[in-house]
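Below is data_16.csv, holding CSV, C-alpha atoms.
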chain,number,residue,atom,x,y,z
A,1,MET,CA,0.0,0.0,0.0
A,2,LEU,CA,1.1,3.5,-0.8
A,3,LYS,CA,0.7,4.6,2.8
A,4,ASP,CA,3.1,1.9,4.1
A,5,GLU,CA,5.5,2.8,1.3
A,6,VAL,CA,5.5,6.4,2.4
A,7,ILE,CA,6.1,5.5,6.0
A,8,ALA,CA,8.9,3.2,5.0
A,9,TYR,CA,10.4,6.0,2.9
A,10,LYS,CA,10.2,8.5,5.7
A,11,LYS,CA,11.9,6.1,8.1
A,12,GLU,CA,14.6,5.4,5.6
A,13,ARG,CA,15.3,9.0,5.1
A,14,ILE,CA,15.4,9.7,8.9
A,15,ILE,CA,17.8,6.8,9.4
A,16,ASP,CA,20.1,8.0,6.6
A,17,ALA,CA,20.2,11.5,7.9
A,18,ALA,CA,20.9,10.2,11.5
A,19,GLY,CA,23.7,8.0,10.1
A,20,GLN,CA,25.3,10.9,8.2
A,21,LEU,CA,25.3,13.1,11.3
A,22,PHE,CA,26.6,10.4,13.6
A,23,PHE,CA,29.4,9.9,11.0
A,24,GLU,CA,30.3,13.6,10.8
A,25,LYS,CA,29.8,14.7,14.5
A,26,GLY,CA,29.9,11.4,16.4
A,27,TYR,CA,26.9,9.8,18.1
A,28,ALA,CA,27.5,11.6,21.4
A,29,LEU,CA,27.5,15.1,20.0
A,30,THR,CA,24.5,14.6,17.6
A,31,THR,CA,21.1,15.7,18.9
A,32,LEU,CA,17.6,14.9,17.7
A,33,ASP,CA,17.4,18.6,16.9
A,34,ASP,CA,20.3,18.3,14.5
A,35,ILE,CA,18.6,15.3,12.8
A,36,ALA,CA,15.3,17.2,12.5
A,37,ALA,CA,17.1,20.3,11.1
A,38,ALA,CA,19.0,18.2,8.5
A,39,LEU,CA,15.6,17.0,7.2
A,40,SER,CA,13.9,20.4,7.7
A,41,VAL,CA,11.3,18.9,10.0
A,42,ARG,CA,10.4,19.4,13.6
A,43,LYS,CA,11.4,17.0,16.4
A,44,PRO,CA,7.9,15.6,17.0
A,45,PHE,CA,7.9,14.3,13.4
A,46,LEU,CA,10.8,12.1,14.4
A,47,TYR,CA,9.0,10.8,17.4
A,48,GLN,CA,6.2,9.5,15.2
A,49,PHE,CA,8.7,6.9,14.0
A,50,PHE,CA,11.5,6.4,16.6
A,51,ALA,CA,11.6,6.5,20.3
A,52,GLY,CA,14.9,8.4,20.4
A,53,LYS,CA,18.5,8.7,19.3
A,54,LEU,CA,19.5,5.2,20.6
A,55,GLU,CA,16.8,3.5,18.4
A,56,LEU,CA,18.2,5.4,15.5
A,57,LEU,CA,21.7,4.1,16.2
A,58,SER,CA,20.3,0.6,16.4
A,59,GLU,CA,18.7,1.1,13.0
A,60,VAL,CA,21.8,2.6,11.4
A,61,CYS,CA,23.9,-0.3,12.8
A,62,GLY,CA,21.5,-3.1,12.0
A,63,LYS,CA,20.7,-2.5,8.3
A,64,THR,CA,23.8,-3.7,6.5
A,65,THR,CA,24.5,-6.6,8.9
A,66,ALA,CA,20.9,-7.8,8.7
A,67,TYR,CA,21.1,-7.6,4.9
A,68,ALA,CA,24.4,-9.5,4.9
A,69,SER,CA,22.9,-12.2,7.0
A,70,SER,CA,19.9,-12.5,4.7
A,71,ILE,CA,21.9,-12.7,1.5
A,72,ALA,CA,24.3,-15.3,3.0
A,73,GLN,CA,21.3,-17.4,4.0
A,74,SER,CA,19.8,-17.0,0.5
A,75,ALA,CA,23.1,-18.0,-1.1
A,76,LEU,CA,23.2,-21.1,1.1
A,77,ASP,CA,19.6,-22.1,0.3
A,78,GLY,CA,19.5,-20.9,-3.3
A,79,ALA,CA,19.7,-22.5,-6.7
A,80,GLY,CA,23.0,-22.9,-8.7
A,81,SER,CA,26.4,-24.3,-8.0
A,82,PRO,CA,28.3,-23.2,-4.9
A,83,THR,CA,30.6,-21.3,-7.2
A,84,VAL,CA,27.7,-19.3,-8.8
A,85,ARG,CA,26.1,-18.7,-5.4
A,86,LEU,CA,29.3,-17.6,-3.7
A,87,SER,CA,30.1,-15.2,-6.5
A,88,ARG,CA,26.5,-13.8,-6.5
A,89,MET,CA,26.6,-13.4,-2.7
A,90,VAL,CA,30.0,-11.6,-2.5
A,91,ARG,CA,28.9,-9.3,-5.4
A,92,ALA,CA,25.7,-8.4,-3.6
A,93,LEU,CA,27.5,-7.9,-0.3
A,94,ALA,CA,30.1,-5.7,-1.9
A,95,LEU,CA,27.5,-3.5,-3.5
A,96,GLU,CA,25.6,-3.2,-0.2
A,97,ILE,CA,28.8,-2.3,1.7
A,98,ILE,CA,29.6,0.4,-0.9
A,99,LYS,CA,26.1,1.8,-0.5
A,100,GLY,CA,26.1,1.5,3.4
A,101,ARG,CA,29.7,2.5,4.0
A,102,ILE,CA,28.7,5.6,6.1
A,103,ALA,CA,26.4,3.5,8.3
A,104,LEU,CA,29.1,0.8,8.7
A,105,ALA,CA,31.7,3.3,9.7
A,106,VAL,CA,29.3,4.7,12.3
A,107,CYS,CA,28.5,1.2,13.6
A,108,PHE,CA,32.1,0.1,14.0
A,109,ARG,CA,32.8,3.3,16.0
A,110,GLU,CA,29.7,3.5,18.1
A,111,GLU,CA,28.3,0.0,18.6
A,112,LYS,CA,29.4,0.2,22.3
A,113,HIS,CA,26.6,2.7,22.9
A,114,LEU,CA,23.9,0.2,21.8
A,115,PRO,CA,21.6,-1.2,24.4
A,116,PRO,CA,22.2,-4.9,25.2
A,117,GLU,CA,19.4,-6.2,23.0
A,118,GLY,CA,20.6,-4.1,20.0
A,119,LEU,CA,24.1,-5.4,20.4
A,120,ARG,CA,22.8,-8.9,20.8
A,121,ARG,CA,20.8,-8.6,17.5
A,122,LEU,CA,23.8,-7.3,15.7
A,123,GLN,CA,26.0,-10.1,17.0
A,124,ASP,CA,23.4,-12.7,16.1
A,125,ASP,CA,23.2,-11.4,12.6
A,126,ARG,CA,27.0,-11.5,12.3
A,127,ARG,CA,27.1,-15.1,13.6
A,128,ARG,CA,24.3,-16.1,11.2
A,129,PHE,CA,26.2,-14.5,8.3
A,130,ILE,CA,29.5,-16.3,9.0
A,131,ARG,CA,27.7,-19.6,9.7
A,132,ALA,CA,25.8,-19.5,6.4
A,133,LEU,CA,29.0,-18.5,4.5
A,134,ARG,CA,31.0,-21.3,6.1
A,135,LEU,CA,28.4,-23.9,5.3
A,136,LEU,CA,28.3,-22.7,1.6
A,137,LEU,CA,32.1,-23.0,1.5
A,138,GLU,CA,32.0,-26.5,3.0
A,139,GLU,CA,29.3,-27.5,0.5
A,140,GLY,CA,31.5,-26.3,-2.4
A,141,ARG,CA,34.5,-28.2,-1.0
A,142,GLY,CA,32.4,-31.3,-0.5
A,143,LYS,CA,31.3,-31.1,-4.1
A,144,GLY,CA,34.9,-30.7,-5.3
A,145,GLU,CA,34.4,-27.1,-6.5
A,146,PHE,CA,36.4,-25.4,-3.8
A,147,SER,CA,39.7,-26.3,-2.2
A,148,PHE,CA,41.0,-24.6,1.0
A,149,PRO,CA,42.3,-25.8,4.4
A,150,ASP,CA,40.1,-24.0,7.0
A,151,ALA,CA,36.5,-23.1,6.4
A,152,ASN,CA,36.2,-20.6,9.2
A,153,ALA,CA,39.4,-18.7,8.5
A,154,THR,CA,38.4,-18.6,4.8
A,155,ALA,CA,34.9,-17.4,5.5
A,156,GLN,CA,36.4,-14.7,7.8
A,157,ALA,CA,38.9,-13.7,5.1
A,158,ILE,CA,36.1,-13.2,2.5
A,159,THR,CA,34.1,-11.2,5.1
A,160,GLY,CA,37.1,-9.1,6.0
A,161,MET,CA,38.3,-8.3,2.4
A,162,THR,CA,34.7,-7.4,1.4
A,163,THR,CA,33.8,-5.4,4.5
A,164,TRP,CA,37.1,-3.5,4.3
A,165,ILE,CA,35.7,-1.8,1.2
A,166,TYR,CA,33.9,0.6,3.5
A,167,ILE,CA,37.3,1.9,4.6
A,168,TRP,CA,38.9,2.6,1.2
A,169,TYR,CA,36.2,2.9,-1.4
A,170,ARG,CA,35.9,6.5,-2.8
A,171,PRO,CA,33.1,7.5,-5.2
A,172,ASP,CA,35.7,9.4,-7.2
A,173,GLY,CA,38.1,6.4,-7.2
A,174,ALA,CA,39.3,4.4,-10.2
A,175,MET,CA,36.6,1.7,-9.9
A,176,GLN,CA,32.8,2.0,-10.3
A,177,PRO,CA,30.7,0.0,-7.7
A,178,ASP,CA,29.8,-2.7,-10.3
A,179,GLU,CA,33.4,-3.3,-11.3
A,180,LEU,CA,34.6,-3.4,-7.7
A,181,ALA,CA,31.9,-5.8,-6.7
A,182,ALA,CA,32.7,-8.1,-9.7
A,183,GLU,CA,36.4,-7.9,-8.8
A,184,THR,CA,35.7,-8.7,-5.2
A,185,ALA,CA,33.6,-11.8,-6.2
A,186,ALA,CA,36.5,-12.9,-8.5
A,187,MET,CA,38.9,-12.6,-5.6
A,188,ALA,CA,36.6,-14.6,-3.3
A,189,LEU,CA,36.6,-17.4,-5.9
A,190,ARG,CA,40.4,-17.3,-6.1
A,191,LEU,CA,40.6,-17.5,-2.3
A,192,VAL,CA,38.5,-20.6,-2.2
A,193,GLY,CA,40.4,-22.2,-5.0
A,194,ALA,CA,37.4,-22.3,-7.4
A,195,ALA,CA,38.2,-23.1,-11.0
A,196,GLY,CA,37.9,-19.7,-12.6
B,1,MET,CA,71.6,1.1,27.7
B,2,LEU,CA,69.7,-0.4,30.5
B,3,LYS,CA,68.3,3.0,31.5
B,4,ASP,CA,66.8,3.5,28.0
B,5,GLU,CA,65.4,0.0,28.0
B,6,VAL,CA,63.7,0.6,31.3
B,7,ILE,CA,62.2,3.9,30.0
B,8,ALA,CA,61.0,2.1,26.9
B,9,TYR,CA,59.5,-0.7,29.0
B,10,LYS,CA,57.7,1.7,31.2
B,11,LYS,CA,56.2,3.6,28.3
B,12,GLU,CA,55.1,0.3,26.7
B,13,ARG,CA,53.4,-0.8,29.8
B,14,ILE,CA,51.6,2.6,30.2
B,15,ILE,CA,50.5,2.5,26.5
B,16,ASP,CA,49.2,-1.0,26.9
B,17,ALA,CA,47.3,-0.2,30.1
B,18,ALA,CA,45.8,2.9,28.4
B,19,GLY,CA,44.7,0.9,25.4
B,20,GLN,CA,43.1,-1.7,27.6
B,21,LEU,CA,41.1,0.9,29.5
B,22,PHE,CA,40.1,2.8,26.3
B,23,PHE,CA,38.9,-0.5,25.0
B,24,GLU,CA,36.8,-1.4,28.1
B,25,LYS,CA,35.4,2.0,29.1
B,26,GLY,CA,35.9,4.1,25.9
B,27,TYR,CA,38.3,6.9,25.5
B,28,ALA,CA,35.9,9.6,26.7
B,29,LEU,CA,35.2,7.9,30.0
B,30,THR,CA,38.8,6.9,30.8
B,31,THR,CA,40.8,9.2,33.1
B,32,LEU,CA,44.5,9.4,33.7
B,33,ASP,CA,43.7,8.4,37.3
B,34,ASP,CA,42.2,5.2,36.0
B,35,ILE,CA,45.4,4.5,34.0
B,36,ALA,CA,47.5,5.3,37.0
B,37,ALA,CA,45.4,3.0,39.2
B,38,ALA,CA,45.6,0.1,36.7
B,39,LEU,CA,49.4,0.3,37.0
B,40,SER,CA,49.4,1.0,40.7
B,41,VAL,CA,51.3,4.2,40.2
B,42,ARG,CA,50.5,7.9,40.8
B,43,LYS,CA,49.5,10.3,38.1
B,44,PRO,CA,52.8,12.4,38.2
B,45,PHE,CA,54.6,9.2,37.1
B,46,LEU,CA,52.6,9.2,33.9
B,47,TYR,CA,53.4,12.8,33.2
B,48,GLN,CA,57.1,11.9,33.2
B,49,PHE,CA,56.5,10.1,29.9
B,50,PHE,CA,53.3,11.5,28.3
B,51,ALA,CA,51.7,15.0,28.1
B,52,GLY,CA,48.2,13.5,28.6
B,53,LYS,CA,45.5,11.3,27.5
B,54,LEU,CA,45.5,12.4,23.9
B,55,GLU,CA,49.1,11.6,23.5
B,56,LEU,CA,48.4,8.1,24.9
B,57,LEU,CA,45.6,7.6,22.3
B,58,SER,CA,48.0,8.7,19.5
B,59,GLU,CA,50.5,6.1,20.8
B,60,VAL,CA,47.9,3.3,21.1
B,61,CYS,CA,46.7,4.1,17.5
B,62,GLY,CA,50.0,4.6,15.9
B,63,LYS,CA,51.8,1.4,16.9
B,64,THR,CA,50.3,-1.3,14.7
B,65,THR,CA,50.0,1.0,11.7
B,66,ALA,CA,53.5,2.2,11.9
B,67,TYR,CA,54.7,-1.4,12.2
B,68,ALA,CA,52.6,-2.5,9.3
B,69,SER,CA,54.1,0.3,7.2
B,70,SER,CA,57.6,-0.7,8.1
B,71,ILE,CA,57.2,-4.4,7.4
B,72,ALA,CA,55.5,-3.6,4.0
B,73,GLN,CA,58.5,-1.4,3.1
B,74,SER,CA,61.0,-4.1,4.2
B,75,ALA,CA,59.1,-6.7,2.1
B,76,LEU,CA,59.4,-4.3,-0.9
B,77,ASP,CA,63.1,-3.7,-0.4
B,78,GLY,CA,64.1,-7.1,1.0
B,79,ALA,CA,65.7,-10.2,-0.4
B,80,GLY,CA,63.9,-13.2,-1.9
B,81,SER,CA,61.2,-13.7,-4.5
B,82,PRO,CA,58.0,-11.6,-4.4
B,83,THR,CA,56.2,-14.8,-3.4
B,84,VAL,CA,58.5,-15.4,-0.4
B,85,ARG,CA,58.4,-11.7,0.6
B,86,LEU,CA,54.6,-11.4,0.4
B,87,SER,CA,54.2,-14.5,2.4
B,88,ARG,CA,56.6,-13.4,5.1
B,89,MET,CA,55.0,-9.9,5.2
B,90,VAL,CA,51.4,-11.2,5.6
B,91,ARG,CA,52.6,-13.6,8.3
B,92,ALA,CA,54.3,-10.9,10.3
B,93,LEU,CA,51.4,-8.5,9.8
B,94,ALA,CA,48.9,-11.2,11.0
B,95,LEU,CA,50.9,-11.9,14.1
B,96,GLU,CA,51.1,-8.2,14.9
B,97,ILE,CA,47.4,-7.8,14.4
B,98,ILE,CA,46.7,-10.7,16.7
B,99,LYS,CA,49.0,-9.1,19.3
B,100,GLY,CA,47.7,-5.6,18.9
B,101,ARG,CA,44.0,-6.4,18.4
B,102,ILE,CA,42.9,-4.4,21.5
B,103,ALA,CA,44.8,-1.3,20.3
B,104,LEU,CA,43.4,-1.7,16.8
B,105,ALA,CA,39.9,-1.9,18.1
B,106,VAL,CA,40.4,1.3,20.1
B,107,CYS,CA,41.9,3.0,17.1
B,108,PHE,CA,39.1,2.2,14.7
B,109,ARG,CA,36.6,3.4,17.3
B,110,GLU,CA,38.3,6.5,18.6
B,111,GLU,CA,40.6,7.9,15.9
B,112,LYS,CA,38.2,10.8,15.4
B,113,HIS,CA,39.5,12.1,18.8
B,114,LEU,CA,43.0,12.3,17.5
B,115,PRO,CA,44.6,15.8,17.0
B,116,PRO,CA,45.1,16.7,13.3
B,117,GLU,CA,48.8,15.8,13.3
B,118,GLY,CA,48.1,12.4,14.9
B,119,LEU,CA,45.5,11.6,12.4
B,120,ARG,CA,47.7,12.7,9.5
B,121,ARG,CA,50.6,10.5,10.8
B,122,LEU,CA,48.2,7.5,10.9
B,123,GLN,CA,46.9,8.2,7.4
B,124,ASP,CA,50.4,8.6,6.1
B,125,ASP,CA,51.4,5.3,7.6
B,126,ARG,CA,48.3,3.6,6.0
B,127,ARG,CA,49.1,5.1,2.6
B,128,ARG,CA,52.7,4.0,2.8
B,129,PHE,CA,51.6,0.5,3.8
B,130,ILE,CA,49.2,0.2,0.8
B,131,ARG,CA,51.7,1.7,-1.6
B,132,ALA,CA,54.5,-0.7,-0.6
B,133,LEU,CA,52.2,-3.7,-0.8
B,134,ARG,CA,50.8,-2.6,-4.2
B,135,LEU,CA,54.4,-2.2,-5.6
B,136,LEU,CA,55.3,-5.6,-4.3
B,137,LEU,CA,52.3,-7.1,-6.0
B,138,GLU,CA,53.1,-5.3,-9.2
B,139,GLU,CA,56.7,-6.5,-9.0
B,140,GLY,CA,55.5,-10.1,-8.6
B,141,ARG,CA,53.1,-9.8,-11.5
B,142,GLY,CA,55.9,-8.3,-13.6
B,143,LYS,CA,58.1,-11.3,-12.9
B,144,GLY,CA,55.2,-13.7,-13.8
B,145,GLU,CA,54.9,-15.0,-10.2
B,146,PHE,CA,51.5,-13.4,-9.5
B,147,SER,CA,48.4,-13.0,-11.7
B,148,PHE,CA,45.5,-10.7,-10.7
B,149,PRO,CA,43.6,-7.9,-12.5
B,150,ASP,CA,43.8,-4.9,-10.2
B,151,ALA,CA,46.8,-4.2,-8.0
B,152,ASN,CA,45.1,-1.7,-5.7
B,153,ALA,CA,41.9,-3.8,-5.1
B,154,THR,CA,44.1,-6.8,-4.5
B,155,ALA,CA,46.3,-4.9,-2.0
B,156,GLN,CA,43.2,-3.6,-0.2
B,157,ALA,CA,41.7,-7.2,-0.1
B,158,ILE,CA,44.9,-8.6,1.5
B,159,THR,CA,44.9,-5.7,4.0
B,160,GLY,CA,41.2,-6.2,4.7
B,161,MET,CA,41.3,-9.9,5.2
B,162,THR,CA,44.4,-9.6,7.5
B,163,THR,CA,43.2,-6.6,9.5
B,164,TRP,CA,39.8,-8.3,10.0
B,165,ILE,CA,41.6,-10.8,12.3
B,166,TYR,CA,41.3,-8.2,15.1
B,167,ILE,CA,37.5,-8.6,14.9
B,168,TRP,CA,37.2,-12.4,15.1
B,169,TYR,CA,40.4,-13.8,16.6
B,170,ARG,CA,39.9,-15.3,20.1
B,171,PRO,CA,42.7,-16.6,22.2
B,172,ASP,CA,40.6,-19.6,23.1
B,173,GLY,CA,39.6,-20.3,19.4
B,174,ALA,CA,40.5,-23.2,17.3
B,175,MET,CA,43.7,-21.7,15.7
B,176,GLN,CA,46.9,-20.7,17.4
B,177,PRO,CA,48.5,-17.4,16.3
B,178,ASP,CA,51.2,-19.1,14.3
B,179,GLU,CA,48.8,-21.3,12.5
B,180,LEU,CA,46.4,-18.5,11.7
B,181,ALA,CA,49.3,-16.3,10.5
B,182,ALA,CA,50.5,-19.1,8.2
B,183,GLU,CA,47.0,-19.7,6.9
B,184,THR,CA,46.5,-16.0,6.2
B,185,ALA,CA,49.8,-15.9,4.3
B,186,ALA,CA,48.6,-18.9,2.2
B,187,MET,CA,45.3,-17.2,1.5
B,188,ALA,CA,47.2,-14.1,0.3
B,189,LEU,CA,49.2,-16.2,-2.1
B,190,ARG,CA,46.0,-17.8,-3.5
B,191,LEU,CA,44.5,-14.3,-3.9
B,192,VAL,CA,47.4,-13.1,-6.0
B,193,GLY,CA,47.4,-16.3,-8.0
B,194,ALA,CA,50.9,-17.3,-6.9
B,195,ALA,CA,51.9,-20.9,-7.7
B,196,GLY,CA,51.5,-22.6,-4.3
Target format structure tokens, applied to this file:
Amino acid sequence: MLKDEVIAYKKERIIDAAGQLFFEKGYALTTLDDIAAALSVRKPFLYQFFAGKLELLSEVCGKTTAYASSIAQSALDGAGSPTVRLSRMVRALALEIIKGRIALAVCFREEKHLPPEGLRRLQDDRRRFIRALRLLLEEGRGKGEFSFPDANATAQAITGMTTWIYIWYRPDGAMQPDELAAETAAMALRLVGAAG
Amino acid sequence: MLKDEVIAYKKERIIDAAGQLFFEKGYALTTLDDIAAALSVRKPFLYQFFAGKLELLSEVCGKTTAYASSIAQSALDGAGSPTVRLSRMVRALALEIIKGRIALAVCFREEKHLPPEGLRRLQDDRRRFIRALRLLLEEGRGKGEFSFPDANATAQAITGMTTWIYIWYRPDGAMQPDELAAETAAMALRLVGAAG
């Protein structure tokens, strides 16, 4: 329904504005007034959607990790060979990390402010992500498509090299998001010893 | 001289204690009194070595990155084939990241507090590190030992998968530091397409 779409859109814009301000000023120094001002709305508008600043931090932090966890699970359950599914997953993850790099930077800096249940949800999503990726790698090794010694270290390496994009990617850099995502997927395949 | 060694040792212990407290309580909430108490010394003792909390944060942040930059440079200038030098470098870097994981976590969280010159030094070290690693990869490709499409993306991927160890390494985990470092070096060789 259109009404739900509008609500979702408003929430998304508020979360993005909050993330941008947390990134520039730090979580502690950002106020709800700053967020309202950045969107040219009044504070009560924000309270229609969020209980306060901490809920906004949870949303900023949770987005990319929840998405990562869901695409890893889809890659595990989906159709196609392990090689195809790993490549597709790393590509999608890289694109999401490029898009969500501000939120990720905020999250790595500020997650210690999260309330216990917010931190637990984040850690659960990370664990689900790594578990699904590890199972996909083991499936590919079992089918003879991949060849690597340690599934956990390899899953962590793929996660690390892909996540690290949030640190160094620049919109004015040499590679476009699509190219970088494709290249990252190709590196993941080399890492697992997949026949190119 | 013994006297210099003792001074270096004391500084090292102060930096480690500061890093541990910044990690546990956050930089903003840690006081010099806390650091003194953790070491069972009085605050004036700390002032013999450091001007204040901010200098301690610079030290905590700078250590691993300065070391990374120096081993990448040694790998570039050193003896042996590019394959041998890359493997040795990634191994040394992984061991340093395992050892310095608390300081790295603090640095990623708190570097926004650094004074401009501290931040600049950190960024210079990071740039030097990536540059030396990229040149080593290009040398290896030029000699036909490595095969990969993009030197910068590959250098960043190796950096990312190795740095990421600070996030997931646990002393009570399945792999010992030496094993994990060797495995990370082996993954870096797979990533650059080196003949194993």
With a cut-off of 8 Å, could you pull out the residues of stretch 50-125 of chain A touching stretch 21-30 of chain A and give me the nearest pair of atoms for each, distance in Å to one decimal, using all atoms listed in the file, ordered by chain and ascending number, as CSV?
residue,atom,partner,partner_atom,distance
A:Leu57,CA,A:Tyr27,CA,7.9
A:Ile102,CA,A:Phe23,CA,6.6
A:Ala103,CA,A:Phe23,CA,7.6
A:Ala105,CA,A:Phe23,CA,7.1
A:Val106,CA,A:Phe23,CA,5.4
A:Glu110,CA,A:Tyr27,CA,6.9
Restricting it to C-alpha atoms, dump the selection as a compact mmCIF listing (two decimals), in the coordinates of the input.
# COMPACT_ATOMS: atom_id res chain seq x y z
CA LEU A 57 21.70 4.10 16.20
CA ILE A 102 28.70 5.60 6.10
CA ALA A 103 26.40 3.50 8.30
CA ALA A 105 31.70 3.30 9.70
CA VAL A 106 29.30 4.70 12.30
CA GLU A 110 29.70 3.50 18.10
*Considering all atoms listed in the file, extract the chain A residues located within 7 Å of chain B and return them as a PyMOL selection string.*
chain A and resi 108-110+157-158+160-161+164+187+190-191
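If you look at atom CA of B:Pro177 and atom CA of B:Arg91, they are 9.8 Å away from each other.
Between atom CA of B:Arg121 and atom CA of B:Lys63 the interatomic distance comes to 11.0 Å.
One finds atom CA of B:Ala38 at 8.8 Å from atom CA of B:Ala18.
The smallest atom-to-atom distance between B:Val90 and any of B:Ala75, B:Leu114, B:Leu104, B:Arg120, using only C-alpha atoms, is found for B:Ala75.
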*Closest of A:Asp125, A:Glu117, A:Glu139, A:Glu96 to A:Ala66 - atom-to-atom distances counting all atoms listed in the file*: A:Asp125
*Hey, can you pull every residue with an atom no more than 9 Å from (48.6, -5.6, 12.8), using all atoms listed in the file, and send it as a ChimeraX atom specification?*
/B:63-65,67-68,92-101,104,162-163,165-166
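Residue nearest A:Cys61, chosen from A:Ile14, A:Leu122, A:Val6, A:Ala151 and counting all atoms listed in the file: A:Leu122.
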